[in-house]
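Colleague: Pasting structure.cif here (mmCIF, C-alpha atoms):
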```cif
data_my_file
loop_
_atom_site.group_PDB
_atom_site.id
_atom_site.type_symbol
_atom_site.label_atom_id
_atom_site.label_comp_id
_atom_site.auth_asym_id
_atom_site.auth_seq_id
_atom_site.Cartn_x
_atom_site.Cartn_y
_atom_site.Cartn_z
ATOM 1 C CA MET A 1 0.000 0.000 0.000
ATOM 2 C CA THR A 2 1.269 3.460 -0.852
ATOM 3 C CA LEU A 3 0.599 5.952 1.891
ATOM 4 C CA SER A 4 -1.239 9.179 1.208
ATOM 5 C CA ASP A 5 0.493 12.558 1.315
ATOM 6 C CA HIS A 6 -2.502 14.041 3.166
ATOM 7 C CA PRO A 7 -2.037 13.926 6.960
ATOM 8 C CA ALA A 8 -5.597 12.836 7.792
ATOM 9 C CA GLU A 9 -5.581 10.031 5.256
ATOM 10 C CA ARG A 10 -2.030 8.958 6.075
ATOM 11 C CA HIS A 11 -3.012 8.699 9.750
ATOM 12 C CA ARG A 12 -6.052 6.622 8.794
ATOM 13 C CA GLN A 13 -3.784 4.223 6.865
ATOM 14 C CA VAL A 14 -0.932 4.058 9.397
ATOM 15 C CA ALA A 15 -3.211 3.833 12.432
ATOM 16 C CA GLY A 16 -5.345 1.265 10.608
ATOM 17 C CA LEU A 17 -2.353 -1.048 10.234
ATOM 18 C CA PHE A 18 -1.346 -0.491 13.860
ATOM 19 C CA THR A 19 -4.941 -1.256 14.891
ATOM 20 C CA GLU A 20 -4.764 -4.557 13.011
ATOM 21 C CA ARG A 21 -1.581 -5.429 14.915
ATOM 22 C CA VAL A 22 -3.151 -4.410 18.237
ATOM 23 C CA ARG A 23 -6.174 -6.606 17.544
ATOM 24 C CA GLY A 24 -3.907 -9.455 16.465
ATOM 25 C CA THR A 25 -1.850 -9.388 19.665
ATOM 26 C CA ARG A 26 -2.267 -12.532 21.748
ATOM 27 C CA SER A 27 0.342 -11.886 24.450
ATOM 28 C CA TRP A 28 0.596 -8.373 25.815
ATOM 29 C CA ASP A 29 3.569 -9.428 27.926
ATOM 30 C CA ALA A 30 5.671 -10.485 24.920
ATOM 31 C CA PRO A 31 9.036 -8.696 24.851
ATOM 32 C CA SER A 32 9.435 -6.064 22.164
ATOM 33 C CA PRO A 33 12.492 -4.872 20.227
ATOM 34 C CA VAL A 34 12.536 -1.763 22.439
ATOM 35 C CA ASP A 35 14.789 -2.737 25.330
ATOM 36 C CA GLY A 36 12.747 -3.326 28.480
ATOM 37 C CA TRP A 37 9.374 -2.913 26.761
ATOM 38 C CA THR A 38 6.629 -5.453 26.204
ATOM 39 C CA ALA A 39 3.948 -5.349 23.525
ATOM 40 C CA ARG A 40 1.718 -3.573 26.066
ATOM 41 C CA ASP A 41 4.413 -0.924 26.595
ATOM 42 C CA VAL A 42 4.464 -0.098 22.883
ATOM 43 C CA VAL A 43 0.766 0.782 23.084
ATOM 44 C CA ARG A 44 1.287 2.507 26.437
ATOM 45 C CA HIS A 45 3.940 4.777 24.936
ATOM 46 C CA LEU A 46 1.635 6.003 22.170
ATOM 47 C CA THR A 47 -1.403 6.454 24.402
ATOM 48 C CA GLU A 48 0.549 8.332 27.064
ATOM 49 C CA TRP A 49 2.729 10.879 25.252
ATOM 50 C CA PHE A 50 0.444 12.103 22.476
ATOM 51 C CA PRO A 51 -2.507 13.448 24.515
ATOM 52 C CA GLY A 52 -0.158 15.680 26.528
ATOM 53 C CA PHE A 53 1.574 16.855 23.343
ATOM 54 C CA LEU A 54 -1.773 18.010 21.908
ATOM 55 C CA ALA A 55 -3.067 19.476 25.149
ATOM 56 C CA SER A 56 0.039 21.526 25.902
ATOM 57 C CA GLY A 57 0.750 22.571 22.324
ATOM 58 C CA ALA A 58 -2.698 23.153 20.888
ATOM 59 C CA GLY A 59 -5.129 23.119 23.828
ATOM 60 C CA ILE A 60 -6.834 19.999 22.507
ATOM 61 C CA GLU A 61 -8.049 17.437 25.029
ATOM 62 C CA LEU A 62 -8.474 13.972 23.560
ATOM 63 C CA PRO A 63 -11.059 11.580 24.986
ATOM 64 C CA CYS A 64 -9.715 9.312 27.723
ATOM 65 C CA GLY A 65 -10.078 5.592 27.335
ATOM 66 C CA PRO A 66 -9.311 2.808 29.758
ATOM 67 C CA SER A 67 -5.743 2.315 30.916
ATOM 68 C CA VAL A 68 -3.463 0.164 28.805
ATOM 69 C CA ASP A 69 -3.127 -2.170 31.782
ATOM 70 C CA GLU A 70 -6.888 -2.619 31.889
ATOM 71 C CA ASN A 71 -7.585 -2.926 28.155
ATOM 72 C CA PRO A 72 -4.813 -2.141 25.643
ATOM 73 C CA VAL A 73 -7.088 -2.649 22.637
ATOM 74 C CA ALA A 74 -9.704 -0.165 23.857
ATOM 75 C CA ALA A 75 -7.044 2.274 25.114
ATOM 76 C CA TRP A 76 -5.498 2.346 21.641
ATOM 77 C CA GLN A 77 -8.846 2.593 19.843
ATOM 78 C CA VAL A 78 -9.971 5.617 21.891
ATOM 79 C CA LEU A 79 -6.687 7.403 21.175
ATOM 80 C CA CYS A 80 -6.722 6.456 17.506
ATOM 81 C CA ASP A 81 -10.308 7.624 17.021
ATOM 82 C CA GLY A 82 -9.618 10.858 18.894
ATOM 83 C CA ALA A 83 -6.559 11.656 16.784
ATOM 84 C CA GLN A 84 -8.469 10.890 13.593
ATOM 85 C CA ALA A 85 -11.325 13.162 14.663
ATOM 86 C CA VAL A 86 -8.861 16.021 15.162
ATOM 87 C CA LEU A 87 -7.325 15.433 11.733
ATOM 88 C CA ASP A 88 -10.749 15.155 10.071
ATOM 89 C CA ASP A 89 -12.029 18.370 11.715
ATOM 90 C CA PRO A 90 -12.099 21.178 9.093
ATOM 91 C CA GLU A 91 -10.967 23.648 11.785
ATOM 92 C CA THR A 92 -7.667 21.783 12.147
ATOM 93 C CA ALA A 93 -6.464 23.401 8.926
ATOM 94 C CA HIS A 94 -6.541 26.777 10.734
ATOM 95 C CA ARG A 95 -4.864 25.688 13.970
ATOM 96 C CA GLU A 96 -1.257 25.520 15.100
ATOM 97 C CA LEU A 97 0.656 23.540 17.662
ATOM 98 C CA THR A 98 3.380 25.330 19.591
ATOM 99 C CA ASN A 99 6.096 23.501 21.454
ATOM 100 C CA PRO A 100 9.303 24.878 22.974
ATOM 101 C CA HIS A 101 11.398 22.292 21.105
ATOM 102 C CA ILE A 102 9.852 22.607 17.646
ATOM 103 C CA GLY A 103 8.321 26.084 17.576
ATOM 104 C CA SER A 104 4.947 26.572 15.890
ATOM 105 C CA LEU A 105 3.690 24.292 13.159
ATOM 106 C CA PRO A 106 0.343 23.789 11.456
ATOM 107 C CA LEU A 107 -1.507 21.310 13.697
ATOM 108 C CA GLU A 108 -1.921 18.639 11.036
ATOM 109 C CA THR A 109 1.778 18.871 10.159
ATOM 110 C CA ALA A 110 2.805 18.451 13.794
ATOM 111 C CA ILE A 111 0.513 15.443 14.228
ATOM 112 C CA ASP A 112 1.800 13.899 11.012
ATOM 113 C CA GLN A 113 5.505 14.483 11.675
ATOM 114 C CA PHE A 114 5.579 13.446 15.298
ATOM 115 C CA TYR A 115 2.628 11.202 16.098
ATOM 116 C CA THR A 116 1.745 9.447 12.836
ATOM 117 C CA ALA A 117 5.437 8.794 12.114
ATOM 118 C CA ASP A 118 5.819 7.391 15.647
ATOM 119 C CA VAL A 119 2.834 5.077 15.172
ATOM 120 C CA PHE A 120 4.336 3.966 11.855
ATOM 121 C CA MET A 121 7.696 3.065 13.393
ATOM 122 C CA HIS A 122 6.170 1.415 16.466
ATOM 123 C CA THR A 123 4.057 -0.769 14.176
ATOM 124 C CA TRP A 124 7.247 -2.695 13.492
ATOM 125 C CA ASP A 125 7.929 -3.040 17.225
ATOM 126 C CA LEU A 126 4.480 -4.412 17.981
ATOM 127 C CA SER A 127 4.460 -6.639 14.902
ATOM 128 C CA ARG A 128 7.859 -8.125 15.671
ATOM 129 C CA ALA A 129 7.023 -8.582 19.364
ATOM 130 C CA THR A 130 3.850 -10.472 18.560
ATOM 131 C CA GLY A 131 4.943 -12.493 15.542
ATOM 132 C CA GLN A 132 2.814 -10.591 13.031
ATOM 133 C CA ASP A 133 3.686 -9.267 9.568
ATOM 134 C CA ASP A 134 6.262 -6.542 10.219
ATOM 135 C CA ARG A 135 6.596 -5.108 6.726
ATOM 136 C CA LEU A 136 6.183 -1.353 6.521
ATOM 137 C CA ASP A 137 5.451 0.837 3.507
ATOM 138 C CA PRO A 138 8.851 1.097 1.753
ATOM 139 C CA GLY A 139 8.170 4.538 0.291
ATOM 140 C CA PHE A 140 7.349 6.047 3.670
ATOM 141 C CA CYS A 141 10.340 4.256 5.219
ATOM 142 C CA ALA A 142 12.586 5.908 2.606
ATOM 143 C CA ARG A 143 10.996 9.305 3.215
ATOM 144 C CA LEU A 144 11.378 9.105 7.007
ATOM 145 C CA LEU A 145 14.924 7.798 6.628
ATOM 146 C CA ALA A 146 15.924 10.749 4.436
ATOM 147 C CA GLN A 147 14.357 13.256 6.846
ATOM 148 C CA MET A 148 15.743 11.667 9.989
ATOM 149 C CA GLU A 149 19.279 11.139 8.660
ATOM 150 C CA GLN A 150 19.560 14.902 8.193
ATOM 151 C CA MET A 151 18.869 15.444 11.887
ATOM 152 C CA GLU A 152 20.468 12.365 13.406
ATOM 153 C CA HIS A 153 22.417 14.418 15.964
ATOM 154 C CA VAL A 154 19.164 15.986 17.218
ATOM 155 C CA LEU A 155 17.532 12.550 17.395
ATOM 156 C CA ARG A 156 20.364 11.094 19.432
ATOM 157 C CA SER A 157 20.558 14.071 21.792
ATOM 158 C CA SER A 158 16.788 13.889 22.456
ATOM 159 C CA GLY A 159 17.188 10.619 24.320
ATOM 160 C CA GLN A 160 14.166 9.257 22.442
ATOM 161 C CA PHE A 161 16.188 6.968 20.177
ATOM 162 C CA GLY A 162 18.719 4.267 20.901
ATOM 163 C CA ALA A 163 22.206 4.087 19.448
ATOM 164 C CA ARG A 164 22.290 3.516 15.718
ATOM 165 C CA VAL A 165 22.428 -0.167 14.764
ATOM 166 C CA GLU A 166 24.722 -0.757 11.811
ATOM 167 C CA VAL A 167 23.076 -2.486 8.850
ATOM 168 C CA PRO A 168 24.445 -3.556 5.465
ATOM 169 C CA GLY A 169 24.957 -0.666 3.036
ATOM 170 C CA ASP A 170 22.690 -2.290 0.468
ATOM 171 C CA ALA A 171 19.842 -2.842 2.961
ATOM 172 C CA ASP A 172 16.302 -1.838 2.046
ATOM 173 C CA PRO A 173 14.818 1.427 3.401
ATOM 174 C CA GLN A 174 12.936 -0.316 6.228
ATOM 175 C CA THR A 175 16.086 -2.024 7.507
ATOM 176 C CA LYS A 176 18.047 1.247 7.296
ATOM 177 C CA LEU A 177 15.297 3.191 9.079
ATOM 178 C CA LEU A 178 15.116 0.634 11.869
ATOM 179 C CA GLY A 179 18.871 0.752 12.318
ATOM 180 C CA LEU A 180 18.817 4.548 12.384
ATOM 181 C CA ILE A 181 16.227 4.673 15.159
ATOM 182 C CA GLY A 182 18.179 2.181 17.247
ATOM 183 C CA ARG A 183 16.357 -1.023 16.462
ATOM 184 C CA ASP A 184 18.040 -4.260 15.510
ATOM 185 C CA PRO A 185 16.198 -5.075 12.272
ATOM 186 C CA PHE A 186 17.185 -8.695 12.776
ATOM 187 C CA TRP A 187 15.780 -8.912 16.320
ATOM 188 C CA PRO A 188 14.477 -12.454 16.501
ATOM 189 C CA GLY A 189 11.274 -11.821 18.398
ATOM 190 C CA ARG A 190 9.872 -14.142 20.963
#
```
Would you kindly transcribe this structure into structure tokens?

Modeller:
Amino acid sequence: MTLSDHPAERHRQVAGLFTERVRGTRSWDAPSPVDGWTARDVVRHLTEWFPGFLASGAGIELPCGPSVDENPVAAWQVLCDGAQAVLDDPETAHRELTNPHIGSLPLETAIDQFYTADVFMHTWDLSRATGQDDRLDPGFCARLLAQMEQMEHVLRSSGQFGARVEVPGDADPQTKLLGLIGRDPFWPGR
């Protein structure tokens, strides 16, 4: 599947694939490729950081679902639906998000660059942790790789990414992207 260039539609596609992986998860305690995280922690990460990002940067309060410990599927679905509603709202085109680290950006751009991209990359983590199809859209992998390579120093200094994992020079874009963000693309899973 080729991902859309429109933030609302791209989120629908990316979050749709993540939703499939969430619904396909059989063991929430399975270790993930993120050191010290389980499959549940991958979902926890997304459901915990993004609402605060929107609230502090754009004054948007997303609906609260159950905790990830209580029901990871429902916790994800409430967040996913809330984010999609923001992106589908015609007023979003006129709003900005302001953050001390990134300045001011159009709201849909901020959601797309930070949240949708994060969901995209964590789809691999959840898929690999739970033995599901872990292939990501190669075109979007290449796009993120090109953008992130230009700011690798900023990524590393943020503390949000692990040390780069070296991969073969002729590796595909997904493998290179995973290595860049500190994942071992050859992590064996469970």

Colleague: Evaluating the PyMOL selection byres ((chain A and resi 138) around 12) on the displayed file yields which residues, as a ChimeraX atom specification?

Modeller: /A:1-3,120-121,134-137,139-145,171-178

Colleague: How would you write as a VMD selection string the residues that get within 10 Å of (-2.2, -3.5, 15.6) in the file's frame, counting only C-alpha atoms?

Modeller: chain A and resid 14 to 25 43 73 76 to 77 119 122 to 124 126 to 127 130 132

Colleague: Figure out the distance between CA of Cys80 (chain A) and CA of Arg10 (chain A), please, to one decimal in Å.

Modeller: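 Those two atoms sit 12.6 Å apart.
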
Colleague: On this file, the PyMOL selection byres ((chain A and resi 44) around 12) gives some set of residues; write that set as a PyMOL selection string.

Modeller: chain A and resi 22+28+37-43+45-51+65-76+79+119+122+126

Colleague: Create the file for the chosen residues now, containing C-alpha atoms and written as a PDB file, in the frame of the given file.

Modeller:
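The result, stored in part-v6.pdb:
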```
ATOM      1  CA  VAL A  22      -3.151  -4.410  18.237  1.00  0.00           C
ATOM      2  CA  TRP A  28       0.596  -8.373  25.815  1.00  0.00           C
ATOM      3  CA  TRP A  37       9.374  -2.913  26.761  1.00  0.00           C
ATOM      4  CA  THR A  38       6.629  -5.453  26.204  1.00  0.00           C
ATOM      5  CA  ALA A  39       3.948  -5.349  23.525  1.00  0.00           C
ATOM      6  CA  ARG A  40       1.718  -3.573  26.066  1.00  0.00           C
ATOM      7  CA  ASP A  41       4.413  -0.924  26.595  1.00  0.00           C
ATOM      8  CA  VAL A  42       4.464  -0.098  22.883  1.00  0.00           C
ATOM      9  CA  VAL A  43       0.766   0.782  23.084  1.00  0.00           C
ATOM     10  CA  HIS A  45       3.940   4.777  24.936  1.00  0.00           C
ATOM     11  CA  LEU A  46       1.635   6.003  22.170  1.00  0.00           C
ATOM     12  CA  THR A  47      -1.403   6.454  24.402  1.00  0.00           C
ATOM     13  CA  GLU A  48       0.549   8.332  27.064  1.00  0.00           C
ATOM     14  CA  TRP A  49       2.729  10.879  25.252  1.00  0.00           C
ATOM     15  CA  PHE A  50       0.444  12.103  22.476  1.00  0.00           C
ATOM     16  CA  PRO A  51      -2.507  13.448  24.515  1.00  0.00           C
ATOM     17  CA  GLY A  65     -10.078   5.592  27.335  1.00  0.00           C
ATOM     18  CA  PRO A  66      -9.311   2.808  29.758  1.00  0.00           C
ATOM     19  CA  SER A  67      -5.743   2.315  30.916  1.00  0.00           C
ATOM     20  CA  VAL A  68      -3.463   0.164  28.805  1.00  0.00           C
ATOM     21  CA  ASP A  69      -3.127  -2.170  31.782  1.00  0.00           C
ATOM     22  CA  GLU A  70      -6.888  -2.619  31.889  1.00  0.00           C
ATOM     23  CA  ASN A  71      -7.585  -2.926  28.155  1.00  0.00           C
ATOM     24  CA  PRO A  72      -4.813  -2.141  25.643  1.00  0.00           C
ATOM     25  CA  VAL A  73      -7.088  -2.649  22.637  1.00  0.00           C
ATOM     26  CA  ALA A  74      -9.704  -0.165  23.857  1.00  0.00           C
ATOM     27  CA  ALA A  75      -7.044   2.274  25.114  1.00  0.00           C
ATOM     28  CA  TRP A  76      -5.498   2.346  21.641  1.00  0.00           C
ATOM     29  CA  LEU A  79      -6.687   7.403  21.175  1.00  0.00           C
ATOM     30  CA  VAL A 119       2.834   5.077  15.172  1.00  0.00           C
ATOM     31  CA  HIS A 122       6.170   1.415  16.466  1.00  0.00           C
ATOM     32  CA  LEU A 126       4.480  -4.412  17.981  1.00  0.00           C
TER      33      LEU A 126
END
```

Colleague: How far is it from CA of Ala58 (chain A) to CA of Asp118 (chain A), in Å with one decimal?

Modeller: 18.7 Å

Colleague: Using CA of Leu180 (chain A) and CA of Ser104 (chain A) as the two end points, give the distance in Å to one decimal.

Modeller: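 For CA of Leu180 (chain A) relative to CA of Ser104 (chain A), the distance reads 26.3 Å.
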
Colleague: Near His6 (chain A), counting only C-alpha atoms, which residues have an atom at most 12 Å away, once you skip same-chain residues fewer than 6 positions from it, shown as number ranges by chain?

Modeller: A: 12-14, 87-88, 93, 108-109, 111-113, 116

Colleague: Taking only C-alpha atoms into account, name the residue in A:Gln147, A:Thr98, A:Thr92, A:Ser157 that is nearest to Pro7 (chain A).

Modeller: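 Smallest distance to Pro7 (chain A) is found for A:Thr92.
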
Colleague: Smallest atom-to-atom distance to Pro63 (chain A): which of A:Asp29, A:Glu91, A:Glu96, A:Asp81, using all atoms listed in the file?

Modeller: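 That would be A:Asp81, the residue with the smallest distance to Pro63 (chain A).
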
Colleague: Which residues, written as a count of residues only, have at least one atom at most 9 Å from Arg128 (chain A), with only C-alpha atoms counted and residues fewer than 5 positions away on the same chain left out?

Modeller: 9

Colleague: Find the residues near Gln160 (chain A): any atom within 10 Å, counting only C-alpha atoms, skip ones fewer than 4 places away on the same chain, and give them as a list in words.

Modeller: Val154, Leu155, Arg156, Ile181 and Gly182 of chain A

Colleague: Identify which of the residues A:Phe53, A:Glu152, A:Asp89, A:Asp184 lies closest to Val167 (chain A), counting all atoms listed in the file when measuring atom-to-atom distances.

Modeller: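 Of the candidates, the smallest distance to Val167 (chain A) is held by A:Asp184.
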
Colleague: Compare A:Ser158, A:Ser56, A:Pro168, A:Ala163 by their minimum atom-to-atom distance to Pro100 (chain A), counting all atoms listed in the file, and give me the closest one.

Modeller: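 The answer is A:Ser56, which sits nearest to Pro100 (chain A).
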
Colleague: I need the residue nearest Ala85 (chain A) from this list: A:Val165, A:Leu62, A:Val34, A:Ala146. Use only C-alpha atoms for the distance.

Modeller: A:Leu62

Colleague: Measuring between all atoms listed in the file, which one of A:Gln84, A:Gly57, A:Tyr115, A:Ala8 shows the shortest distance to His101 (chain A)?

Modeller: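 Result for the nearest residue to His101 (chain A): A:Gly57.
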
Colleague: Would you mind writing region 29-42 of chain A with N, CA, C and O atoms, as a compact mmCIF listing (two decimals), in the coordinates of the input?

Modeller:
```
# COMPACT_ATOMS: atom_id res chain seq x y z
N ASP A 29 2.33 -9.40 27.16
CA ASP A 29 3.57 -9.43 27.93
C ASP A 29 4.77 -9.87 27.09
O ASP A 29 5.88 -9.99 27.61
N ALA A 30 4.57 -10.09 25.80
CA ALA A 30 5.67 -10.48 24.92
C ALA A 30 6.71 -9.37 24.87
O ALA A 30 6.36 -8.20 24.77
N PRO A 31 7.99 -9.72 24.95
CA PRO A 31 9.04 -8.70 24.85
C PRO A 31 9.02 -8.05 23.47
O PRO A 31 8.67 -8.69 22.48
N SER A 32 9.39 -6.78 23.44
CA SER A 32 9.44 -6.06 22.16
C SER A 32 10.88 -5.72 21.83
O SER A 32 11.76 -5.83 22.68
N PRO A 33 11.14 -5.27 20.61
CA PRO A 33 12.49 -4.87 20.23
C PRO A 33 13.00 -3.64 20.98
O PRO A 33 14.19 -3.35 20.93
N VAL A 34 12.11 -2.90 21.63
CA VAL A 34 12.54 -1.76 22.44
C VAL A 34 12.97 -2.33 23.79
O VAL A 34 12.16 -2.94 24.49
N ASP A 35 14.22 -2.15 24.13
CA ASP A 35 14.79 -2.74 25.33
C ASP A 35 13.94 -2.43 26.56
O ASP A 35 13.66 -1.27 26.86
N GLY A 36 13.52 -3.48 27.25
CA GLY A 36 12.75 -3.33 28.48
C GLY A 36 11.25 -3.15 28.27
O GLY A 36 10.51 -3.04 29.25
N TRP A 37 10.80 -3.09 27.04
CA TRP A 37 9.37 -2.91 26.76
C TRP A 37 8.74 -4.23 26.35
O TRP A 37 9.37 -5.07 25.70
N THR A 38 7.46 -4.35 26.70
CA THR A 38 6.63 -5.45 26.20
C THR A 38 5.72 -4.91 25.11
O THR A 38 5.70 -3.69 24.84
N ALA A 39 4.94 -5.79 24.52
CA ALA A 39 3.95 -5.35 23.52
C ALA A 39 3.02 -4.30 24.14
O ALA A 39 2.69 -3.29 23.51
N ARG A 40 2.60 -4.53 25.37
CA ARG A 40 1.72 -3.57 26.07
C ARG A 40 2.39 -2.20 26.19
O ARG A 40 1.75 -1.16 26.04
N ASP A 41 3.69 -2.19 26.43
CA ASP A 41 4.41 -0.92 26.60
C ASP A 41 4.48 -0.12 25.30
O ASP A 41 4.54 1.12 25.33
N VAL A 42 4.48 -0.80 24.17
CA VAL A 42 4.46 -0.10 22.88
C VAL A 42 3.17 0.71 22.79
O VAL A 42 3.18 1.90 22.44
```
